[in-house]
$ cat structure-v5.cif   # mmCIF, C-alpha atoms
data_entry
loop_
_atom_site.label_atom_id
_atom_site.label_comp_id
_atom_site.auth_asym_id
_atom_site.auth_seq_id
_atom_site.Cartn_x
_atom_site.Cartn_y
_atom_site.Cartn_z
CA MET A 149 103.96 91.34 128.15
CA LEU A 150 101.71 94.39 128.55
CA GLN A 151 103.36 95.06 131.90
CA ASP A 152 106.76 95.09 130.14
CA LEU A 153 105.45 97.77 127.78
CA VAL A 154 104.14 99.83 130.69
CA ASN A 155 107.51 99.55 132.46
CA LYS A 156 109.27 100.57 129.27
CA ILE A 157 107.09 103.69 128.94
CA ARG A 158 107.89 104.59 132.56
CA GLU A 159 111.61 104.65 131.66
CA ILE A 160 111.17 107.18 128.84
CA PRO A 161 112.01 110.71 130.02
CA PRO A 162 109.50 113.57 129.62
CA LEU A 163 109.59 115.99 126.70
CA SER A 164 111.47 119.18 127.49
CA ALA A 165 109.45 122.01 129.05
CA SER A 166 110.28 124.24 126.07
CA ALA A 167 109.01 121.66 123.55
CA MET A 168 105.78 121.35 125.53
CA ARG A 169 105.29 125.13 125.64
CA LEU A 170 105.94 125.57 121.92
CA MET A 171 103.59 122.71 121.10
CA ARG A 172 100.81 124.18 123.22
CA HIS A 173 101.08 127.38 121.19
CA ALA A 174 101.37 125.73 117.74
CA GLY A 175 99.17 127.63 115.31
CA ASP A 176 98.38 130.31 117.91
CA GLU A 177 98.54 133.63 116.06
CA ASP A 178 98.98 135.64 119.27
CA PHE A 179 102.16 133.73 120.04
CA GLY A 180 104.51 135.64 117.75
CA PRO A 181 108.22 135.20 116.94
CA ASP A 182 109.29 137.24 119.98
CA ARG A 183 107.47 134.98 122.41
CA TYR A 184 108.73 131.94 120.51
CA ALA A 185 112.29 133.22 120.79
CA ALA A 186 111.82 133.87 124.52
CA VAL A 187 110.91 130.20 125.09
CA VAL A 188 113.88 129.04 123.04
CA GLU A 189 116.30 131.33 124.89
CA GLN A 190 115.38 129.76 128.23
CA ASP A 191 116.60 126.39 126.99
CA PRO A 192 120.36 126.31 126.29
CA ALA A 193 120.30 123.02 124.34
CA LEU A 194 117.41 124.20 122.16
CA THR A 195 119.10 127.57 121.64
CA MET A 196 122.18 125.78 120.33
CA ASN A 197 120.16 123.53 118.02
CA VAL A 198 118.08 126.41 116.64
CA LEU A 199 121.17 128.51 115.94
CA ARG A 200 122.90 125.59 114.28
CA ALA A 201 119.83 124.98 112.12
CA ALA A 202 119.65 128.64 111.08
CA ASN A 203 123.30 128.44 110.03
CA ALA A 204 122.86 125.19 108.05
CA PRO A 205 124.22 125.57 104.51
CA ALA A 206 120.92 124.26 103.02
CA LEU A 207 119.17 127.47 104.09
CA GLY A 208 121.72 129.52 102.18
CA ILE A 209 121.72 132.45 104.59
CA ARG A 210 124.64 134.80 104.16
CA GLY A 211 126.56 135.74 107.28
CA GLU A 212 126.40 134.05 110.65
CA VAL A 213 123.08 134.01 112.52
CA THR A 214 123.81 134.61 116.21
CA SER A 215 120.50 135.92 117.53
CA VAL A 216 117.75 133.50 118.51
CA ARG A 217 115.11 135.98 117.45
CA ARG A 218 116.55 136.21 113.95
CA ALA A 219 116.96 132.43 113.78
CA VAL A 220 113.29 131.92 114.72
CA ALA A 221 112.21 134.45 112.10
CA LEU A 222 114.33 132.76 109.43
CA LEU A 223 113.33 129.20 110.27
CA GLY A 224 109.66 129.77 111.03
CA ALA A 225 107.64 128.54 113.99
CA ARG A 226 106.95 125.09 112.55
CA THR A 227 110.62 124.32 111.98
CA VAL A 228 111.55 125.51 115.46
CA LEU A 229 108.90 123.27 116.97
CA GLY A 230 110.21 120.39 114.86
CA ILE A 231 113.70 121.00 116.24
CA ALA A 232 112.36 121.19 119.81
CA LEU A 233 110.44 117.91 119.46
CA GLY A 234 113.13 116.07 117.55
CA THR A 235 115.95 116.94 119.92
CA SER A 236 114.11 116.87 123.23
CA CYS A 237 113.69 113.12 123.32
CA PRO A 238 116.53 111.30 121.53
CA VAL A 239 115.63 107.95 123.12
CA VAL A 240 112.47 108.07 120.99
CA PHE A 241 113.47 109.59 117.68
CA ASN A 242 117.08 108.68 117.38
CA LYS A 243 117.11 105.02 118.16
CA ALA A 244 117.23 102.04 115.82
CA LEU A 245 113.93 100.11 115.73
CA ALA A 246 114.97 96.50 116.24
CA GLY A 247 111.80 94.61 115.27
CA TYR A 248 111.15 96.84 112.26
CA GLU A 249 114.73 96.46 110.99
CA ALA A 250 114.95 100.25 110.78
CA GLY A 251 118.28 101.95 111.43
CA ARG A 252 119.11 104.82 113.75
CA GLY A 253 117.50 107.99 112.41
CA ASP A 254 114.93 106.19 110.24
CA LEU A 255 112.06 106.93 112.65
CA TRP A 256 112.98 110.61 112.65
CA LYS A 257 113.16 110.80 108.84
CA SER A 258 109.86 108.95 108.53
CA SER A 259 108.23 111.25 111.10
CA LEU A 260 109.59 114.36 109.41
CA PHE A 261 108.33 113.28 105.98
CA THR A 262 104.94 112.41 107.51
CA ALA A 263 104.85 115.86 109.13
CA ALA A 264 105.62 117.56 105.80
CA ALA A 265 102.96 115.46 104.04
CA ALA A 266 100.42 116.19 106.80
CA ARG A 267 101.02 119.91 106.38
CA ALA A 268 100.54 119.64 102.60
CA LEU A 269 97.39 117.53 103.08
CA SER A 270 95.92 119.98 105.61
CA GLU A 271 95.38 122.39 102.70
CA ARG A 272 93.16 119.79 101.01
CA CYS A 273 90.94 119.29 104.05
CA LYS A 274 87.32 120.34 103.51
CA THR A 275 87.12 121.70 107.06
CA LYS A 276 89.58 124.00 108.78
CA LEU A 277 92.72 122.17 109.83
CA ALA A 278 95.69 124.11 111.24
CA PRO A 279 98.81 123.23 109.19
CA ASP A 280 101.11 123.51 112.22
CA THR A 281 98.98 121.09 114.23
CA ALA A 282 99.03 118.65 111.29
CA PHE A 283 102.82 118.99 111.12
CA THR A 284 103.20 118.37 114.88
CA ALA A 285 100.89 115.36 114.78
CA GLY A 286 102.94 113.97 111.89
CA ILE A 287 106.14 114.26 113.90
CA LEU A 288 104.62 112.51 116.92
CA HIS A 289 102.34 109.86 115.39
CA ASP A 290 104.77 106.92 115.55
CA ILE A 291 106.45 107.52 118.95
CA GLY A 292 105.03 104.16 120.07
CA LYS A 293 107.38 102.36 117.69
CA ALA A 294 110.29 103.39 119.92
CA VAL A 295 108.44 101.78 122.84
CA ILE A 296 107.63 98.42 121.29
CA ALA A 297 110.48 97.90 118.78
CA GLU A 298 112.72 95.98 121.15
CA PHE A 299 109.89 93.62 122.09
CA LEU A 300 109.50 92.77 118.40
CA ALA A 301 113.22 92.04 117.96
CA ASP A 302 113.94 88.75 116.16
CA ARG A 303 110.25 88.44 115.30
CA THR A 304 110.33 90.42 112.07
CA THR A 305 110.05 87.41 109.76
CA ALA A 306 107.07 86.07 111.72
CA LEU A 307 105.32 89.48 111.75
CA VAL A 308 105.89 90.09 108.04
CA GLY A 309 104.82 86.51 107.24
CA ALA A 310 101.59 86.85 109.23
CA VAL A 311 100.53 89.87 107.15
CA SER A 312 101.73 88.43 103.81
CA ASN A 313 99.82 85.19 104.44
CA PHE A 314 96.66 87.10 105.40
CA GLU A 315 96.67 85.67 108.93
CA GLU A 316 96.65 89.28 110.13
CA ALA A 317 95.01 92.17 108.29
CA SER A 318 97.83 94.62 108.97
CA PHE A 319 101.17 95.02 110.73
CA SER A 320 99.32 96.64 113.68
CA ASP A 321 97.17 93.52 114.02
CA ALA A 322 100.31 91.39 114.00
CA GLU A 323 101.82 93.59 116.73
CA ARG A 324 98.68 93.25 118.84
CA ALA A 325 98.63 89.46 118.39
CA LEU A 326 102.21 89.28 119.65
CA LEU A 327 102.30 91.92 122.38
CA GLY A 328 98.70 92.66 123.34
CA ALA A 329 99.09 96.25 122.09
CA ASP A 330 100.25 97.91 118.87
CA HIS A 331 102.57 100.88 118.34
CA ALA A 332 99.64 103.30 118.11
CA GLU A 333 98.32 102.30 121.54
CA ALA A 334 101.81 102.33 123.07
CA GLY A 335 102.37 105.79 121.60
CA TYR A 336 99.07 106.98 123.06
CA VAL A 337 100.11 105.84 126.54
CA LEU A 338 103.50 107.56 126.17
CA GLY A 339 101.83 110.72 124.83
CA LYS A 340 99.47 110.74 127.81
CA LYS A 341 102.43 110.46 130.15
CA TRP A 342 103.99 113.41 128.34
CA GLY A 343 100.78 115.41 128.78
CA LEU A 344 100.08 115.94 125.06
CA PRO A 345 96.78 117.63 124.11
CA GLU A 346 93.77 115.47 123.25
CA SER A 347 93.88 116.14 119.50
CA LEU A 348 97.48 114.91 119.21
CA LEU A 349 96.70 111.91 121.41
CA ALA A 350 93.85 111.01 119.07
CA ALA A 351 96.14 111.30 116.04
CA ILE A 352 98.72 109.01 117.65
CA ARG A 353 96.20 106.45 118.87
CA HIS A 354 94.00 106.19 115.79
CA HIS A 355 96.29 106.92 112.86
CA HIS A 356 95.74 103.43 111.45
CA GLN A 357 92.02 103.31 112.32
CA PRO A 358 90.89 106.91 111.95
CA ALA A 359 87.18 106.06 112.01
CA LEU A 360 87.55 105.15 115.69
CA ALA A 361 88.53 108.73 116.59
CA ASP A 362 86.07 111.13 118.14
CA ILE A 363 84.31 113.05 115.38
CA SER A 364 85.85 116.36 116.48
CA HIS A 365 89.38 114.97 115.92
CA ARG A 366 88.73 113.19 112.64
CA PRO A 367 90.07 115.82 110.22
CA LEU A 368 93.45 115.71 112.00
CA VAL A 369 93.44 111.94 112.49
CA TYR A 370 92.56 111.23 108.83
CA CYS A 371 95.19 113.77 107.79
CA VAL A 372 97.88 111.84 109.70
CA HIS A 373 96.50 108.52 108.43
CA LEU A 374 96.97 109.71 104.83
CA ALA A 375 100.31 111.40 105.54
CA ASP A 376 101.66 108.20 107.08
CA ILE A 377 100.62 106.21 103.99
CA THR A 378 102.12 108.89 101.76
CA ALA A 379 105.42 108.64 103.65
CA MET A 380 105.50 104.85 103.36
CA SER A 381 104.70 105.09 99.65
CA ALA A 382 107.43 107.66 99.10
CA GLY A 383 110.03 105.37 100.67
CA PHE A 384 110.04 106.99 104.12
CA GLY A 385 108.65 104.12 106.14
CA THR A 386 110.37 102.45 109.05
CA GLY A 387 111.33 99.13 107.44
CA ALA A 388 109.37 95.93 107.90
CA ASP A 389 105.91 97.42 108.41
CA ALA A 390 106.02 99.75 105.37
CA LEU A 391 102.73 99.61 103.40
CA ARG A 392 101.42 96.65 105.43
CA TYR A 393 98.37 98.59 106.57
CA ARG A 394 94.84 99.36 105.39
CA LEU A 395 93.74 102.60 103.82
CA ASP A 396 90.46 103.93 105.23
CA THR A 397 88.67 105.39 102.21
CA GLY A 398 86.44 107.35 104.59
CA TYR A 399 88.99 110.14 104.07
CA LYS A 400 86.98 111.12 100.99
CA ASN A 401 84.36 112.76 103.18
CA LEU A 402 86.99 115.07 104.62
CA PHE A 403 89.62 115.58 101.92
CA ASP A 404 89.61 116.66 98.29
CA LEU A 405 92.24 114.36 96.91
CA ASP A 406 92.59 112.86 93.44
CA GLU A 407 95.62 111.29 91.76
CA THR A 408 97.06 114.61 90.62
CA ALA A 409 96.57 116.27 94.01
CA LEU A 410 98.22 113.30 95.70
CA ALA A 411 101.22 113.50 93.36
CA ASP A 412 101.50 117.17 94.28
CA VAL A 413 101.35 116.31 98.00
CA ILE A 414 104.14 113.74 97.57
CA LEU A 415 106.35 116.20 95.70
CA THR A 416 105.65 119.08 98.11
CA ALA A 417 106.45 116.84 101.09
CA GLN A 418 109.64 115.59 99.43
CA MET A 419 110.83 119.14 98.82
CA GLU A 420 109.99 120.28 102.36
CA PHE A 421 111.72 117.18 103.71
CA GLU A 422 114.86 118.01 101.73
CA ARG A 423 114.75 121.60 102.99
CA LEU A 424 114.30 120.60 106.65
CA ALA A 425 116.29 117.36 106.92
CA GLU A 426 119.66 119.02 107.35
CA PRO A 427 118.65 121.88 109.69
CA LEU A 428 116.64 119.43 111.81
CA ALA A 429 119.23 116.67 111.85
CA GLY A 430 120.23 117.48 115.46
CA GLU A 431 123.15 115.74 117.05
CA MET B 179 132.43 96.92 96.45
CA ASP B 180 132.58 100.48 95.16
CA THR B 181 128.86 101.23 95.35
CA ILE B 182 127.00 104.34 94.22
CA ILE B 183 124.02 105.03 96.52
CA LEU B 184 121.00 106.70 94.94
CA GLY B 185 118.49 108.76 96.93
CA VAL B 186 114.90 109.44 95.85
CA GLY B 187 114.94 111.02 92.38
CA ASP B 188 118.62 110.29 91.72
CA TYR B 189 120.06 108.35 88.80
CA GLY B 190 123.54 107.02 88.26
CA VAL B 191 125.67 104.99 85.86
CA SER B 192 128.88 103.02 86.31
CA ASN B 193 131.32 100.88 84.33
CA LYS B 194 133.74 100.49 87.22
CA ALA B 195 134.96 96.91 87.66
CA GLY B 196 133.77 95.53 90.98
CA GLY B 197 131.28 98.39 91.34
CA GLY B 198 127.57 98.52 92.07
CA ILE B 199 124.59 100.87 92.21
CA LYS B 200 122.14 100.64 95.09
CA THR B 201 118.95 102.33 96.25
CA TYR B 202 117.06 101.84 99.52
CA ALA B 203 113.42 101.42 100.53
CA LEU B 204 111.58 101.82 97.24
CA GLY B 205 107.97 101.81 98.43
CA SER B 206 105.84 103.03 95.52
CA CYS B 207 108.91 104.32 93.73
CA VAL B 208 110.36 102.30 90.86
CA ALA B 209 114.01 101.44 90.27
CA LEU B 210 114.71 101.28 86.54
CA ILE B 211 117.89 99.32 85.88
CA LEU B 212 119.61 99.39 82.49
CA TYR B 213 122.55 97.12 81.72
CA ASP B 214 124.84 96.58 78.75
CA PRO B 215 126.34 93.10 79.14
CA ARG B 216 129.01 93.60 76.45
CA LYS B 217 130.35 96.87 77.78
CA LYS B 218 129.65 95.90 81.42
CA THR B 219 127.94 99.19 82.08
CA ALA B 220 125.05 99.59 84.54
CA GLY B 221 122.61 102.40 85.21
CA MET B 222 119.77 102.92 87.67
CA ALA B 223 117.14 105.59 88.38
CA HIS B 224 115.00 105.91 91.54
CA ILE B 225 111.72 107.18 90.08
CA ALA B 226 109.07 108.65 92.42
CA LEU B 227 106.27 109.90 90.15
CA PRO B 228 105.08 109.17 86.59
CA ASP B 229 104.97 112.57 84.97
CA SER B 230 107.14 115.69 85.18
CA SER B 231 104.45 118.03 83.88
CA ILE B 232 103.24 118.68 87.47
CA ARG B 233 106.43 120.62 88.34
CA LYS B 234 108.81 121.40 85.48
CA GLU B 235 111.37 123.18 87.64
CA ARG B 236 111.73 120.08 89.80
CA ALA B 237 112.33 117.99 86.67
CA ALA B 238 115.11 120.37 85.67
CA SER B 239 116.90 120.04 89.02
CA LYS B 240 116.08 116.34 89.68
CA PRO B 241 115.24 114.63 86.37
CA GLY B 242 115.44 111.17 87.97
CA TYR B 243 112.36 111.96 90.09
CA PHE B 244 109.86 111.58 87.22
CA ALA B 245 109.55 108.59 84.89
CA ASP B 246 109.62 110.60 81.66
CA THR B 247 112.69 112.71 82.44
CA ALA B 248 114.44 109.85 84.27
CA ILE B 249 114.41 107.54 81.26
CA THR B 250 115.82 110.07 78.82
CA SER B 251 118.46 111.19 81.33
CA LEU B 252 119.46 107.64 82.20
CA ILE B 253 119.71 106.54 78.55
CA ALA B 254 121.78 109.64 77.75
CA ALA B 255 124.13 109.00 80.70
CA MET B 256 124.51 105.34 79.65
CA SER B 257 125.29 106.43 76.09
CA ARG B 258 128.03 108.74 77.29
CA LEU B 259 129.77 105.82 79.03
CA ARG B 260 129.27 103.06 76.48
CA GLY B 261 128.99 104.86 73.18
CA ASP B 262 125.86 105.61 71.26
CA SER B 263 122.61 103.71 70.70
CA ARG B 264 120.18 101.75 72.79
CA ARG B 265 121.16 98.47 71.16
CA GLY B 266 122.12 95.71 73.52
CA LEU B 267 120.57 97.38 76.55
CA VAL B 268 118.72 95.17 79.01
CA ALA B 269 116.08 96.78 81.25
CA LYS B 270 114.75 95.55 84.61
CA LEU B 271 112.23 97.09 87.01
CA ALA B 272 111.74 96.76 90.75
CA GLY B 273 109.48 98.49 93.28
CA GLY B 274 106.09 100.02 92.60
CA ALA B 275 104.47 98.70 95.76
CA ASN B 276 101.08 100.00 96.92
CA ILE B 277 98.98 100.29 100.01
CA MET B 278 95.73 98.38 99.42
CA ASP B 279 93.30 100.84 97.91
CA ALA B 280 90.25 99.40 96.18
CA GLU B 281 89.47 102.78 94.63
CA GLY B 282 92.97 103.32 93.31
CA THR B 283 93.83 106.93 94.25
CA PHE B 284 96.71 105.67 96.41
CA SER B 285 97.90 103.09 93.84
CA ILE B 286 100.93 105.27 93.16
CA GLY B 287 103.21 102.30 92.58
CA SER B 288 100.99 100.84 89.86
CA ARG B 289 100.90 104.20 88.05
CA ASN B 290 104.69 104.44 88.24
CA VAL B 291 105.16 100.92 86.82
CA ALA B 292 102.68 101.58 84.00
CA ALA B 293 104.40 104.86 83.11
CA VAL B 294 107.88 103.33 83.05
CA ASN B 295 106.75 100.38 80.91
CA ASP B 296 104.99 102.70 78.50
CA LEU B 297 107.99 105.02 78.17
CA LEU B 298 110.43 102.13 77.78
CA ALA B 299 108.33 100.81 74.89
CA ARG B 300 108.51 104.22 73.24
CA HIS B 301 112.28 104.00 73.48
CA GLY B 302 112.19 100.55 71.90
CA LEU B 303 112.98 98.76 75.14
CA SER B 304 111.00 96.23 77.10
CA PRO B 305 111.92 94.94 80.54
CA LEU B 306 113.56 91.54 80.64
CA ALA B 307 112.35 91.06 84.21
CA GLN B 308 110.35 92.94 86.80
CA ASP B 309 109.63 92.49 90.48
CA VAL B 310 106.90 95.01 91.14
CA GLY B 311 103.76 95.57 93.21
CA GLY B 312 102.86 93.97 96.51
CA GLN B 313 102.69 95.70 99.86
CA PHE B 314 106.31 95.94 100.91
CA SER B 315 109.42 98.00 100.53
CA ARG B 316 112.38 96.85 98.42
CA THR B 317 116.08 97.70 98.45
CA VAL B 318 117.79 97.06 95.09
CA THR B 319 121.42 96.60 94.03
CA VAL B 320 122.87 96.04 90.55
CA ASN B 321 126.33 94.53 90.15
CA VAL B 322 128.32 96.31 87.42
CA ASP B 323 130.42 93.24 86.49
CA THR B 324 127.53 90.85 86.01
CA GLY B 325 124.35 92.92 85.73
CA LYS B 326 122.92 90.78 88.51
CA VAL B 327 120.09 92.58 90.32
CA THR B 328 119.61 91.68 94.00
CA LEU B 329 116.58 92.66 96.07
CA SER B 330 116.08 92.74 99.80
CA SER B 331 113.21 93.54 102.13
CA PRO B 332 113.03 93.43 105.95
CA GLY B 333 111.91 90.06 107.29
CA ARG B 334 112.67 88.24 104.01
CA LYS B 335 115.68 86.49 102.51
CA ASP B 336 117.41 88.38 99.69
CA TRP B 337 116.41 87.34 96.18
CA GLU B 338 117.56 87.84 92.63
CA LEU B 339 115.74 89.44 89.73
#

$ encode --input "structure-v5.cif" --output "structure tokens"
Amino acid sequence: MLQDLVNKIREIPPLSASAMRLMRHAGDEDFGPDRYAAVVEQDPALTMNVLRAANAPALGIRGEVTSVRRAVALLGARTVLGIALGTSCPVVFNKALAGYEAGRGDLWKSSLFTAAAARALSERCKTKLAPDTAFTAGILHDIGKAVIAEFLADRTTALVGAVSNFEEASFSDAERALLGADHAEAGYVLGKKWGLPESLLAAIRHHHQPALADISHRPLVYCVHLADITAMSAGFGTGADALRYRLDTGYKNLFDLDETALADVILTAQMEFERLAEPLAGE
Amino acid sequence: MDTIILGVGDYGVSNKAGGGIKTYALGSCVALILYDPRKKTAGMAHIALPDSSIRKERAASKPGYFADTAITSLIAAMSRLRGDSRRGLVAKLAGGANIMDAEGTFSIGSRNVAAVNDLLARHGLSPLAQDVGGQFSRTVTVNVDTGKVTLSSPGRKDWEL
């Protein structure tokens, strides 16, 4: 079974060169809008998607936006990166997740909400945590679901039952019992193939068990752990696995978060999601 | 079936024969369903948070998002369709799931359910039935003709509330 997963990961195409470049410069203050626009302009598909996003009615911009530079300035670096990631690998973000009983587009919506929540949570981190990195990690954290979903097809009832009956402690445990690996591990292997930086790999691999991450990555990994739970709570999960995980209360060492702050994070993420969902919808 | 679909923070009412109101993937959110069996009028709100005081301007644009503003808006919308008064209204609740959190900060669903129950009582209503809590997502539909509330969740058979 593990070999099937490895073969499946081999079939997934790489991220676009432009998405990789933008990601490498996420949060880099020296990489201004002009350099961002230059990367976008070299990629015709991304150029089209960025211009379409800048002209989306939800942004309410008067007059047609035809220059990439202006579009980047209007949308902001984080949104442009979101567009680059979301559109550069449709076989990951835009496919229905069979075993999770999630429809086409659900993984993207869930990832986008998680990204928005991660950005909001980054402001509550006791150590410095770049909001754009948190956003990017939120977009990418569940890529492994696109790898393993088809191997879980027709097993949803058994997986859900195993967690409900306390045979397995979480949906990830149930995935591991069935396949030998869970979506976090599969996502890590895919992310490594894509050449993602270590911090993002850690966020993908350990987002359900953040205490296992290297100490230097823990603020980001805990941020994504909490953002993922926030998304599932807010109704932006991916179907069968929603809320069937464990919260690691170790986040309290790293984040200032009480009930009121959490409500504010949920609302802020919801509003950012609504603002971005249409411009980032892609094809 | 002529079904109204509600997103997060929406509310809707219907007295259309053969109609329904549906909302997907509740998570910690709560669906409040109101039904008048005599006038065959149904209403539903998809409530995300207990209290609108954290962001008043959001409550003005999306009253269904918060328990306090959702209930008054939903009752008012029901009244417009079926005539005045809360008499004869049946309330049901679904949703309010939680991730396991022994310390409770992330028990958002439980806080939503408590808020809705408290506010309903203040309006002289108490839920006839509720299917709340647990660690799973629910999709909820109310049938306008019968008031029947149907729930579904991935990996489970549909059930009735």

$ closest_residue --input "structure-v5.cif" --among "B:Arg300, B:Arg289, B:Arg265, B:Arg258" --to "chain A" --atoms "only C-alpha atoms"
B:Arg289

$ atom_distance --input "structure-v5.cif" --atom1 "atom CA of Leu184 of chain B" --atom2 "atom CA of Ser239 of chain B"
15.2 Å

$ resolve_selection --input "structure-v5.cif" --expression "the PyMOL selection byres ((chain A) within 8 of (chain B))" --output "PyMOL selection string"
chain A and resi 248-249+304-309+377+380-385+387-395+397+406-407+410-412

$ closest_residue --input "structure-v5.cif" --among "A:His365, A:His354, A:Lys341, A:Lys293" --to "Ile160 of chain A" --atoms "only C-alpha atoms"
A:Lys341

$ atom_distance --input "structure-v5.cif" --atom1 "atom CA of Arg324 of chain A" --atom2 "atom CA of Ala350 of chain A"
18.4 Å

$ residues_around --input "structure-v5.cif" --residues "Leu223 of chain A" --least-positions-apart "4" --cutoff "8 Å" --atoms "all atoms listed in the file" --output "list in words"
Ala201, Ala202, Ala219, Thr227 and Val228 of chain A

$ atom_distance --input "structure-v5.cif" --atom1 "atom CA of Ser231 of chain B" --atom2 "atom CA of Asp246 of chain B"
9.3 Å

$ axis_aligned_box --input "structure-v5.cif" --around "segment 173-184 of chain A" --padding-each-side "4 Å" --output "JSON"
{"center_x": 103.8, "center_y": 131.5, "center_z": 118.9, "size_x": 18.9, "size_y": 19.5, "size_z": 15.1}

$ residues_near_point --input "structure-v5.cif" --point "(115.7, 109.4, 86.9)" --cutoff "8 Å" --atoms "all atoms listed in the file" --output "ChimeraX atom specification"
/B:187-189,222-225,240-245,247-249,251-252

$ decode --input "structure-v5.cif" --residues "segment 191-206 of chain B" --atoms "N, CA and C atoms" --output "JSON list (two decimals), in the first residue's frame"
[["chain", "number", "residue", "atom", "x", "y", "z"],
["B", 191, "VAL", "N", -36.33, 32.07, 5.40],
["B", 191, "VAL", "CA", -37.65, 31.55, 5.76],
["B", 191, "VAL", "C", -38.38, 31.17, 4.47],
["B", 192, "SER", "N", -39.32, 30.24, 4.59],
["B", 192, "SER", "CA", -40.09, 29.82, 3.42],
["B", 192, "SER", "C", -41.44, 29.24, 3.82],
["B", 193, "ASN", "N", -42.47, 29.56, 3.02],
["B", 193, "ASN", "CA", -43.76, 28.89, 3.18],
["B", 193, "ASN", "C", -44.19, 28.29, 1.84],
["B", 194, "LYS", "N", -43.20, 28.03, 1.01],
["B", 194, "LYS", "CA", -43.46, 27.52, -0.34],
["B", 194, "LYS", "C", -43.74, 26.02, -0.29],
["B", 195, "ALA", "N", -44.90, 25.61, -0.80],
["B", 195, "ALA", "CA", -45.23, 24.18, -0.80],
["B", 195, "ALA", "C", -44.17, 23.40, -1.55],
["B", 196, "GLY", "N", -43.75, 22.30, -0.96],
["B", 196, "GLY", "CA", -42.72, 21.46, -1.58],
["B", 196, "GLY", "C", -41.31, 22.00, -1.39],
["B", 197, "GLY", "N", -41.16, 23.09, -0.64],
["B", 197, "GLY", "CA", -39.85, 23.72, -0.47],
["B", 197, "GLY", "C", -39.05, 23.16, 0.69],
["B", 198, "GLY", "N", -37.83, 23.65, 0.81],
["B", 198, "GLY", "CA", -36.97, 23.25, 1.92],
["B", 198, "GLY", "C", -35.92, 24.32, 2.18],
["B", 199, "ILE", "N", -35.27, 24.23, 3.33],
["B", 199, "ILE", "CA", -34.13, 25.10, 3.64],
["B", 199, "ILE", "C", -33.00, 24.19, 4.11],
["B", 200, "LYS", "N", -31.80, 24.44, 3.58],
["B", 200, "LYS", "CA", -30.70, 23.52, 3.86],
["B", 200, "LYS", "C", -29.43, 24.29, 4.16],
["B", 201, "THR", "N", -28.60, 23.76, 5.05],
["B", 201, "THR", "CA", -27.27, 24.33, 5.27],
["B", 201, "THR", "C", -26.25, 23.20, 5.45],
["B", 202, "TYR", "N", -25.04, 23.44, 4.92],
["B", 202, "TYR", "CA", -24.02, 22.38, 4.87],
["B", 202, "TYR", "C", -22.99, 22.52, 5.99],
["B", 203, "ALA", "N", -22.43, 21.39, 6.38],
["B", 203, "ALA", "CA", -21.18, 21.30, 7.16],
["B", 203, "ALA", "C", -21.16, 22.25, 8.36],
["B", 204, "LEU", "N", -22.00, 21.96, 9.36],
["B", 204, "LEU", "CA", -22.13, 22.90, 10.47],
["B", 204, "LEU", "C", -20.91, 23.01, 11.38],
["B", 205, "GLY", "N", -20.16, 21.99, 11.60],
["B", 205, "GLY", "CA", -19.04, 22.12, 12.55],
["B", 205, "GLY", "C", -19.53, 22.64, 13.90],
["B", 206, "SER", "N", -18.84, 23.68, 14.40],
["B", 206, "SER", "CA", -19.24, 24.27, 15.68],
["B", 206, "SER", "C", -20.44, 25.21, 15.55]]
